[in-house]
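Asker: Please read through the structure below; I'll follow up with questions.
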Amino acid sequence: MFNTPGCGLSRWAPSRLIIGLLLPLIAGCSDAHLSFLDPQGPIAAAQRQHFWWVIAITLTVVLPVLVLTPLILWRYRYGSRARYRPQWEFSLRADLAIWGIPLVVVAVLATLTWRSTIALDPYRPLASDQPPLEVEVVGFDWKWLFLYPEQGIATVDELVIPAGRPVSLRLTSASVMQGFFVPALGSQIDVMNHMVTRLHLEADAPGVFPGRNMQYSGTGFYRQRFVTRALSADAFADFTHQVRAQGRAFTPEVFSQLMAKNTHAALARALDGSDSVASTSHAGQTDDAGNPADDSTPLRFKHFPSGLFGAIVAHRAPDWGQDTASLSTTRPLSSHSPLPANSSLSIHPALAAAAPTGVTP
Amino acid sequence: MNDSTHWLLGRLDASALPFWDALQHPTTKNVINAVIASGAASMVVLGAIAVVIGLTWTRRWGWLWREWLTSPDHKKIGIMFIALALVMLARAVIEAVLMRLQQALGLDGGFLTAEHFGQLFTTHGTIMVFFMAMPFLTGIINYVMPLQIGTRDLSFPVMNQISLGLTAAGAALVMISLVLAPFSTGGWTGYPSFTGRAANPGAGVDYWIWAVTLSTLSSTLSGINFAVTIYKRRAPGMRWMRLPLFTWTALCTAILMIFAMPPLTVATALLALDRYLDFHLFTADLGGNMMNYINLFWAFGHPEVYILILPAFGIFSEVFSTFAGKTLYGYKALVIATLAIAVLSFTVWLHHFFTMGQSAHINAVFGIATMLIGIPTGVKIYDWMLTLFRGRIRMSVPMIYASGFLMLFVLGGLTGIVLAVPSVDYQVHNSLFLVAHFHNMLIPGLLFGMLAGTNFWFPKAFGFRLEERWGRRAAYAWIIGFMLAFFPLYALGVLGMPRRTVAFFTPAYLPWTLTALVGATIVLLAMACLVIQLWVSVRDRHLNAMPIGDPWDGRSLEWAVSSPPPEYNFPVIPEVYGRDAFMLEKERGKAYQVPDEFPDIVLPANSPMGVIFAVTGTAMAFGLTWYQWWMVLLAAGVTLVAVIARGFCRNTPAPCRVKRCVVPT
C-alpha cells in the first residue's frame, strides 16, 4: 500500500476534509501549488498519503489522552463524590495496555517508515518508460543556477522540466549549506559546497510550482526562490530551442555575478547593465534594493562552459574554452564532470567530497 | 583604527554601536531597526545602572556579597539560577513577539532588516535553550533535589558556585552583545560553513561561540555535581526505589549533561579553531567537512532535548501525585521509562538531518529509533492520567500547568512522530512545522513544568504562597497564547513556509501569521501576569504565609522542614522508611517529632570562586570575541591564580549553630 505512490488515500475522506479547511485560506491561490497536500507529482502524492496515515495511526494513542484527561479532571475534582483511592498504584491490566498499545502502534509505524523511506529515497531513480531529464543545480547566494547538460542551456531561478517525465537532479552549493525544495513535487534535499547530493522528481502535468531554499543562508535568504515550470514534451523542446537561439551568453562576467552575494533582482540589473557591480556585491544593500517585479526577469543562457558543475564542486575555475554551444546536443556533457559517471548510483556526499583530488581553492 | 588603541580595543570600534549603521545609511528601515536595537541596548545599560544605584542607596552591597554571591548554599544558588532564567526569559519572549510582529507584517516586507531578524532568531534560540531553560531547570534541581534526598548541600558546593558563575558569564555576554553588536545570525545551532570565517568574519559568531561554550562548561559541572550528590549523599534508608520521581529525573538529566554537553563544548571549540587559527575542520575546502560539526552538534542536541524535558517530567509527577492526593501510579514504570528515555536519547540524533543525503536505510533506522522513544513517553502520559484517576484533584496553579501540559504535549508528540518518518520529514524539514513542533514540546513540556515547579516550591523557598488568582490568569494565558501562537505555524509549515525567513511573498500565509501574532500578544500578557503575580504575592506575603512548610499536603522530604528551610536544611538528617517519605511520617503520626539530640552541623564556608569565574569568564569571552588579547591573558591569569589559591584554602567548612527550631508549637 505504501510503496505504490498515488493510490488509495488520495480519496480518503478525512484528508479531504482537512484540506477543505486549509484551502479556503489559500483563497484564490488554488493554482499556487504551495504544498504537498496539493501534490503535483508522484513523490509528493505519496508523501501526502504517509502524512495522513502517520497521523491517523498515532491518533489511536493521542486521542484517548485528549478525551479522557478533561473527563478525569472533572470526575475526580475536589469535592465530587467519585471514588477516592489514595493508595491505588498498580493494575496489571492497565499496565499491559499502556505498554502494549504504544508498542503495537510503534511497530506498525516502524514498518510503514521502513518501506516508505526506502521507496521514497530521493536518490532512487523514478520508474518510467522515458529516460530522466538530467539537470544540475547549483545554489548560490541567493539564487539557483540550473544547468541542462543534454540541452546545453542554463537558467537562473527557473527550473523548466517536461511534465510526465522523471527529472534526475545533481545538486551542489557554491556557498554555504542550502536546502533545495519544490513542495508540490516532492522531497527537499540539502545542497553543500564541495559535495553532490541527488534528487529525483516528476510532475504529473504542466504547471508552475514554487520552489525555494529552506536552509537559512544570510540576509538574502528570504528572496532565494525559484519557479518550476512543467511543460508538455513539445513545449519543452520549443523552450530549449528558443533559449539556444535567443538566450543570453554565459560569460565570465555572468559567473562572477553569480558568485557575488546578491538576489535575483540585483543580478538581473547587474547583467542588464543598469547597475554597478559594486553595489550588488554588497550584502547589506540587497535587502531593500530588490524590486519584486525584477524577481521575474528571466535569466536564460544559451550555453555554458561544459563541465561547469564539476568545476564548481571541485573548486576549479570554469573551463571557458570548452563550451556547450560548440558540442553536439545529443551527447550528454555531464561525463566531463570529475565525479563518477554512473550517476544512477547514489553518491554519498562524503564520497562525492572525496572524489575530486588536487583541489585548488 | 590606529595602532595605539588597537592593542587595547582589538577590533572593537564605533561600528559596534547599535545605531552606527543607521547613521551611515539612514534609510527608514535602518532607522526603525536602530531605534529598536538602541532601545534594547539602553534597557541593558539603564537596568545595570539602576541595580547599582539601588544597591548603593539601600546599602545592600555587603548583604548581597555575604548572603548571596559568595554563599555556597545550594538553595541560594538555585534561586539565583532561577532569577537569571526569568530575566533571560523576559528578553527572549520580547524577541519572540518582535519576530511574530515582523512576520505578521512580513508580506513583501515588514519593518525589520534581514540582518536584525537573523540576530533575533539566533539570540532567541540561544537564550531560550542555554540561558533560560538550562539555568531554570538547574536552579530547580539545585533547590529541591538535596531537600528531597535528605542532605544538607550538594557534594561540591564551590563547583556549584562556579557553575552559576559560568552560566552568568555566558548570559552577560549575550546581554553585552545588545550594546556592542552584532550577535551571530547563524541560528542557535550555528551550522558552519555559514558560521565559518569566510562567510561570517564579524564578531557575532564569536559572541555565540563563547556564550555557548561557557554555558556547556557550566552544565557539565552541574551534571557531575548532581549525579555525585544523588549517588553519595542520600539520607539513610533512601534506597533507589524510594527516591522521589523528581530526583530520578534529576539523576537522568545529570547523567545526560555529563555525556551530552562535552560534544558541544568540543564542537564550538573546534569551530573556534577554524575561525581563529585557520584549522579548516568544518570548512568546505582543504579537507574540512561541516557535516562533522552537524553530527557533533546533534550528538549534544538530541540528548539536550531530554535534559530539558526530564526534570519537567519529574515536576509534573510530583504535581500530579500531590494535587490528586494520591500515590503515584506506576512508580516503577515511570522510573524505567525515564531511564529508557535517557538511554534512547543518544540513539536518534540523525533525525535532525534526514535531508543531508545519507542512505535511506540509515534514515529509516534513525526514524524508527525516534519512534521507540514514543513508547516510554506514552507510558508516562498514561501513568500520570492513572495517577489522577480515582484521585481528589485540586486545580491549583501547578495543576493547571500540568493539565495543559498533558493535553498539549501529546499533540507535540504526534507531530514529532510525523517528523520522525523520513519520507514525510523531507516535506516539513526546516519549515515552520518543525518550529511549531519543538515549541509544542518545550513550552508545554519544559516551560510549563518550570512554572508549575516555581508555583509548587515557591512557598518552600520563601515562606509564603504565590498569589493564586494572578497565577491562574498567567497559566491560562500561557496555554491559550501558546495554542494561538504555534498551531498556525503547523499550517504554515505544511504550506511550505521556511523557518527563519524575515519576509514572504505568498498572501496565503498572512491569515496564519496574523493569528500567531495574536497568540504571541497573549503570551506577552501571560508574562505580565507572572510579574503581577510576583508583585502581588510579595505585597500580600503575610496573608499567604506558610511558615510550617507543608502548604500542599506534600509527600516528599522537602515538605518536612520549615519554610524557608534553615541553612542546614535538616537539624538532624532524617531516616527514610519508604517511598513518599514525609507522607508516610504523617500517616504514622511521626511527622514533626523533636529529635533526642542535635549533633553539631558543619557547613561549607563562603567562597568568592563563583564571582571570580563569572567576572573572568565574561572578560575572557569578551576579549576573545573582539581580539583584545591582553584581556584574555589577564582573565586567564586571574582564573589560574584563583584556582591555585583555592587549593591552599584550608578554612572550608564553617561551623554552624541551629538557629531556629523546626518544631511547630
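A note on labels: chains of the C-alpha cells are A, B, ... as shown, every chain counts residues from 1, and ligands are counted from 1 in their shown order.
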With only C-alpha atoms counted and 6 Å as the cut-off, give the residues of chain A in contact with chain B, each with its shortest interatomic distance in Å and the pair that gives it, as CSV.
Answerer:
```
residue,atom,partner,partner_atom,distance
A:Ile26,CA,B:Ala508,CA,4.7
A:Leu34,CA,B:Leu495,CA,5.7
A:Ser35,CA,B:Leu495,CA,4.7
A:Gln47,CA,B:Val424,CA,5.6
A:Val62,CA,B:Val410,CA,6.0
A:Leu66,CA,B:Met407,CA,5.6
A:Tyr76,CA,B:Arg392,CA,5.5
A:Arg77,CA,B:Ile393,CA,4.6
A:Tyr78,CA,B:Arg392,CA,4.9
A:Arg83,CA,B:Arg390,CA,5.7
A:Tyr84,CA,B:Arg390,CA,4.9
A:Arg85,CA,B:Arg390,CA,5.6
A:Pro86,CA,B:Lys326,CA,4.2
A:Gln87,CA,B:Thr327,CA,5.8
A:Glu89,CA,B:Tyr329,CA,4.1
A:Phe90,CA,B:Gly330,CA,5.7
A:Ile98,CA,B:Val379,CA,5.5
A:Pro102,CA,B:Ile375,CA,5.4
A:Ala110,CA,B:Ile368,CA,5.4
A:Thr113,CA,B:Val421,CA,5.6
A:Trp114,CA,B:Ala364,CA,5.3
A:Thr117,CA,B:Ser423,CA,5.2
A:Ile118,CA,B:Ala360,CA,5.3
A:Asp121,CA,B:Ala360,CA,5.6
A:Val176,CA,B:Phe194,CA,5.4
A:Ser187,CA,B:Tyr426,CA,4.7
A:Gln188,CA,B:Tyr426,CA,5.3
A:Ile189,CA,B:Thr355,CA,5.0
A:Asp190,CA,B:Met356,CA,5.2
A:Asn193,CA,B:Ala284,CA,5.9
A:Thr197,CA,B:Gly357,CA,5.9
A:Met214,CA,B:Pro498,CA,5.5
A:Thr219,CA,B:Ala114,CA,5.0
A:Tyr222,CA,B:Thr501,CA,5.2
```
Asker: Applying 9 Å and only C-alpha atoms, which residues near Met175 (chain B) remain after dropping the ones on its own chain fewer than 3 positions away? List them as JSON, numbers by chain.
Answerer: {"B": [41, 44, 88, 170, 171, 172, 178, 179]}
Asker: Work out how far apart CA of Phe313 (chain B) and CA of Phe246 (chain B) are and give it in Å to one decimal.
Answerer: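 It comes out at 7.6 Å.
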Asker: If you count only C-alpha atoms, which residues fall within 7 Å of region 262-274 of chain B, apart from same-chain ones fewer than 5 positions away, as a ChimeraX atom specification?
Answerer: /B:209,213,216-217,279-281,293,296-297,299-300
Asker: Can I get the selection written as a CSV table (one decimal), in the first residue's frame, with N, CA, C and O atoms?
Answerer:
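So the final result, stored in out_13.csv, reads:
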```csv
chain,number,residue,atom,x,y,z
B,209,ILE,N,29.8,31.6,20.0
B,209,ILE,CA,30.7,30.5,20.4
B,209,ILE,C,31.0,30.6,21.8
B,209,ILE,O,30.9,29.6,22.6
B,213,THR,N,29.9,28.1,24.8
B,213,THR,CA,30.9,27.3,25.5
B,213,THR,C,30.9,27.5,27.0
B,213,THR,O,31.0,26.5,27.7
B,216,THR,N,27.9,25.4,28.3
B,216,THR,CA,28.1,24.0,28.3
B,216,THR,C,29.1,23.5,29.4
B,216,THR,O,28.8,22.5,30.0
B,217,LEU,N,30.1,24.4,29.6
B,217,LEU,CA,31.0,24.0,30.7
B,217,LEU,C,30.3,24.0,32.0
B,217,LEU,O,30.4,23.1,32.8
B,279,PHE,N,42.0,26.3,11.1
B,279,PHE,CA,42.2,24.9,11.1
B,279,PHE,C,41.5,24.1,10.0
B,279,PHE,O,41.8,22.9,9.8
B,280,HIS,N,40.5,24.7,9.4
B,280,HIS,CA,39.7,24.0,8.3
B,280,HIS,C,39.1,22.7,8.7
B,280,HIS,O,39.2,21.7,8.0
B,281,LEU,N,38.6,22.6,9.9
B,281,LEU,CA,37.9,21.4,10.3
B,281,LEU,C,36.5,21.3,9.7
B,281,LEU,O,36.1,20.2,9.3
B,293,TYR,N,30.6,18.8,12.0
B,293,TYR,CA,30.0,19.7,13.1
B,293,TYR,C,28.6,19.3,13.3
B,293,TYR,O,28.1,19.3,14.5
B,296,LEU,N,28.3,16.3,15.5
B,296,LEU,CA,28.7,16.6,16.9
B,296,LEU,C,27.6,17.4,17.6
B,296,LEU,O,27.3,17.2,18.7
B,297,PHE,N,27.1,18.4,16.8
B,297,PHE,CA,26.1,19.3,17.4
B,297,PHE,C,24.9,18.5,17.9
B,297,PHE,O,24.4,18.7,19.0
B,299,ALA,N,24.8,15.3,18.4
B,299,ALA,CA,25.1,14.3,19.5
B,299,ALA,C,24.9,15.0,20.8
B,299,ALA,O,24.6,14.3,21.8
B,300,PHE,N,25.1,16.3,20.9
B,300,PHE,CA,24.7,17.0,22.1
B,300,PHE,C,23.2,17.3,22.0
B,300,PHE,O,22.4,17.1,22.9
```
Asker: Might you pull out every residue within 7 Å of region 137-144 of chain B, with only C-alpha atoms counted and same-chain residues fewer than 6 positions away left off, and present them as a list of chain:residue names?
Answerer: B:His74, B:Lys75, B:Gly78, B:Ile79, B:Phe81, B:Ile82, B:Ala250, B:Pro311, B:Met450
Asker: Give me the residues near region 60-73 of chain B as a list of chain:residue names, where near means some atom within 8 Å (using only C-alpha atoms) and where sequence neighbours in that chain fewer than 2 positions away do not count.
Answerer: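 My list of contacting residues is B:Leu55, B:Thr56, B:Trp57, B:Thr58, B:Lys75, B:Lys76, B:Ile77, B:Asp153, B:Pro157, B:Val158, B:Asn160, B:Gln161, B:Glu567, B:Pro604, B:Ala605, B:Asn606, B:Ser607, B:Pro608, B:Met609, B:Gly610, B:Val611.
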Asker: Mind the document's chain letters and residue numbers, and return as a ChimeraX atom specification the residues of region 366-431 of chain B that DSSP labels alpha helix (DSSP H).
Answerer: /B:366-388,397-420,422-428
Asker: Once DSSP has gone over the backbone, tell me which residues of region 65-260 of chain A are in strand (DSSP E or B), as a PyMOL selection string.
Answerer: chain A and resi 77+133-140+143-148+153-156+158-162+167-173+178-181+188-191+193+197-201+207-213+225-231+248
Asker: For the selection just defined, write its residues with C-alpha atoms to a file, as a PDB file, in the first residue's frame.
Answerer:
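Contents of again22.pdb, as written:
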```pdb
ATOM      1  CA  ARG A  77     -12.347  17.077  41.099  1.00  0.00           C
ATOM      2  CA  LEU A 133      15.933  14.610 -17.822  1.00  0.00           C
ATOM      3  CA  GLU A 134      19.320  15.345 -16.260  1.00  0.00           C
ATOM      4  CA  VAL A 135      19.589  18.694 -14.516  1.00  0.00           C
ATOM      5  CA  GLU A 136      22.482  20.057 -12.480  1.00  0.00           C
ATOM      6  CA  VAL A 137      21.611  22.509  -9.735  1.00  0.00           C
ATOM      7  CA  VAL A 138      23.944  24.986  -8.052  1.00  0.00           C
ATOM      8  CA  GLY A 139      22.848  27.031  -5.039  1.00  0.00           C
ATOM      9  CA  PHE A 140      24.465  30.469  -4.917  1.00  0.00           C
ATOM     10  CA  LYS A 143      19.811  32.327  -6.338  1.00  0.00           C
ATOM     11  CA  TRP A 144      19.710  28.977  -8.046  1.00  0.00           C
ATOM     12  CA  LEU A 145      21.509  28.051 -11.277  1.00  0.00           C
ATOM     13  CA  PHE A 146      20.079  25.174 -13.311  1.00  0.00           C
ATOM     14  CA  LEU A 147      22.272  23.530 -15.943  1.00  0.00           C
ATOM     15  CA  TYR A 148      20.780  21.239 -18.591  1.00  0.00           C
ATOM     16  CA  ILE A 153      21.393  25.578 -21.775  1.00  0.00           C
ATOM     17  CA  ALA A 154      21.214  27.142 -18.319  1.00  0.00           C
ATOM     18  CA  THR A 155      18.610  29.088 -16.347  1.00  0.00           C
ATOM     19  CA  VAL A 156      18.626  31.052 -13.111  1.00  0.00           C
ATOM     20  CA  GLU A 158      13.697  28.889 -13.109  1.00  0.00           C
ATOM     21  CA  LEU A 159      13.640  25.105 -13.401  1.00  0.00           C
ATOM     22  CA  VAL A 160      11.963  24.080 -16.647  1.00  0.00           C
ATOM     23  CA  ILE A 161      11.070  20.410 -16.987  1.00  0.00           C
ATOM     24  CA  PRO A 162       8.907  18.247 -19.207  1.00  0.00           C
ATOM     25  CA  VAL A 167      13.881  14.586 -13.626  1.00  0.00           C
ATOM     26  CA  SER A 168      17.217  13.495 -12.223  1.00  0.00           C
ATOM     27  CA  LEU A 169      18.907  16.280 -10.288  1.00  0.00           C
ATOM     28  CA  ARG A 170      22.503  16.529  -9.158  1.00  0.00           C
ATOM     29  CA  LEU A 171      22.937  19.338  -6.686  1.00  0.00           C
ATOM     30  CA  THR A 172      25.702  21.306  -5.054  1.00  0.00           C
ATOM     31  CA  SER A 173      26.220  24.659  -3.399  1.00  0.00           C
ATOM     32  CA  GLN A 178      21.213  25.329   1.437  1.00  0.00           C
ATOM     33  CA  GLY A 179      18.057  23.260   1.100  1.00  0.00           C
ATOM     34  CA  PHE A 180      16.545  22.679  -2.343  1.00  0.00           C
ATOM     35  CA  PHE A 181      12.787  22.213  -2.197  1.00  0.00           C
ATOM     36  CA  GLN A 188      13.800  18.590  -0.179  1.00  0.00           C
ATOM     37  CA  ILE A 189      17.483  17.843  -0.142  1.00  0.00           C
ATOM     38  CA  ASP A 190      20.427  19.701   1.351  1.00  0.00           C
ATOM     39  CA  VAL A 191      22.994  21.106  -1.045  1.00  0.00           C
ATOM     40  CA  ASN A 193      29.695  23.089  -1.028  1.00  0.00           C
ATOM     41  CA  THR A 197      23.535  15.293  -3.485  1.00  0.00           C
ATOM     42  CA  ARG A 198      20.865  13.702  -5.670  1.00  0.00           C
ATOM     43  CA  LEU A 199      17.138  14.132  -6.063  1.00  0.00           C
ATOM     44  CA  HIS A 200      14.515  12.666  -8.378  1.00  0.00           C
ATOM     45  CA  LEU A 201      11.257  14.464  -9.083  1.00  0.00           C
ATOM     46  CA  GLY A 207       2.011  23.714 -14.305  1.00  0.00           C
ATOM     47  CA  VAL A 208       4.009  26.219 -12.274  1.00  0.00           C
ATOM     48  CA  PHE A 209       5.227  25.223  -8.830  1.00  0.00           C
ATOM     49  CA  PRO A 210       7.094  27.426  -6.363  1.00  0.00           C
ATOM     50  CA  GLY A 211      10.416  26.254  -5.023  1.00  0.00           C
ATOM     51  CA  ARG A 212      12.965  27.736  -2.634  1.00  0.00           C
ATOM     52  CA  ASN A 213      15.909  27.408  -0.331  1.00  0.00           C
ATOM     53  CA  ARG A 225      13.089  31.399  -4.500  1.00  0.00           C
ATOM     54  CA  PHE A 226      12.636  29.852  -7.916  1.00  0.00           C
ATOM     55  CA  VAL A 227       9.792  28.617 -10.055  1.00  0.00           C
ATOM     56  CA  THR A 228       9.473  25.165 -11.515  1.00  0.00           C
ATOM     57  CA  ARG A 229       7.697  25.151 -14.859  1.00  0.00           C
ATOM     58  CA  ALA A 230       6.495  21.787 -16.077  1.00  0.00           C
ATOM     59  CA  LEU A 231       5.817  21.899 -19.812  1.00  0.00           C
ATOM     60  CA  ARG A 248      21.982  35.276 -23.046  1.00  0.00           C
TER      61      ARG A 248
END
```
Asker: Val561 (chain B): which residues within 10 Å, counting only C-alpha atoms, same-chain residues fewer than 2 positions away excluded, as a list in words?
Answerer: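 Listing them by chain and then by number gives Leu147, Lys460, Pro547, Ile548, Gly549, Asp550, Leu557, Glu558, Trp559, Ser563, Pro564, Pro565, Pro566, Asn569, Phe570, Pro571, Phe582, Tyr592, Cys661, Val662 and Val663 of chain B.
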Asker: What is the CA of Thr513 (chain B)-CA of Ala104 (chain B) distance in Å, reported with one decimal?
Answerer: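 Interatomic distance, CA of Thr513 (chain B) to CA of Ala104 (chain B): 4.8 Å.
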Asker: May I ask for the distance between CA of Ile612 (chain B) and CA of Tyr276 (chain B), given in Å to one decimal place?
Answerer: 26.0 Å
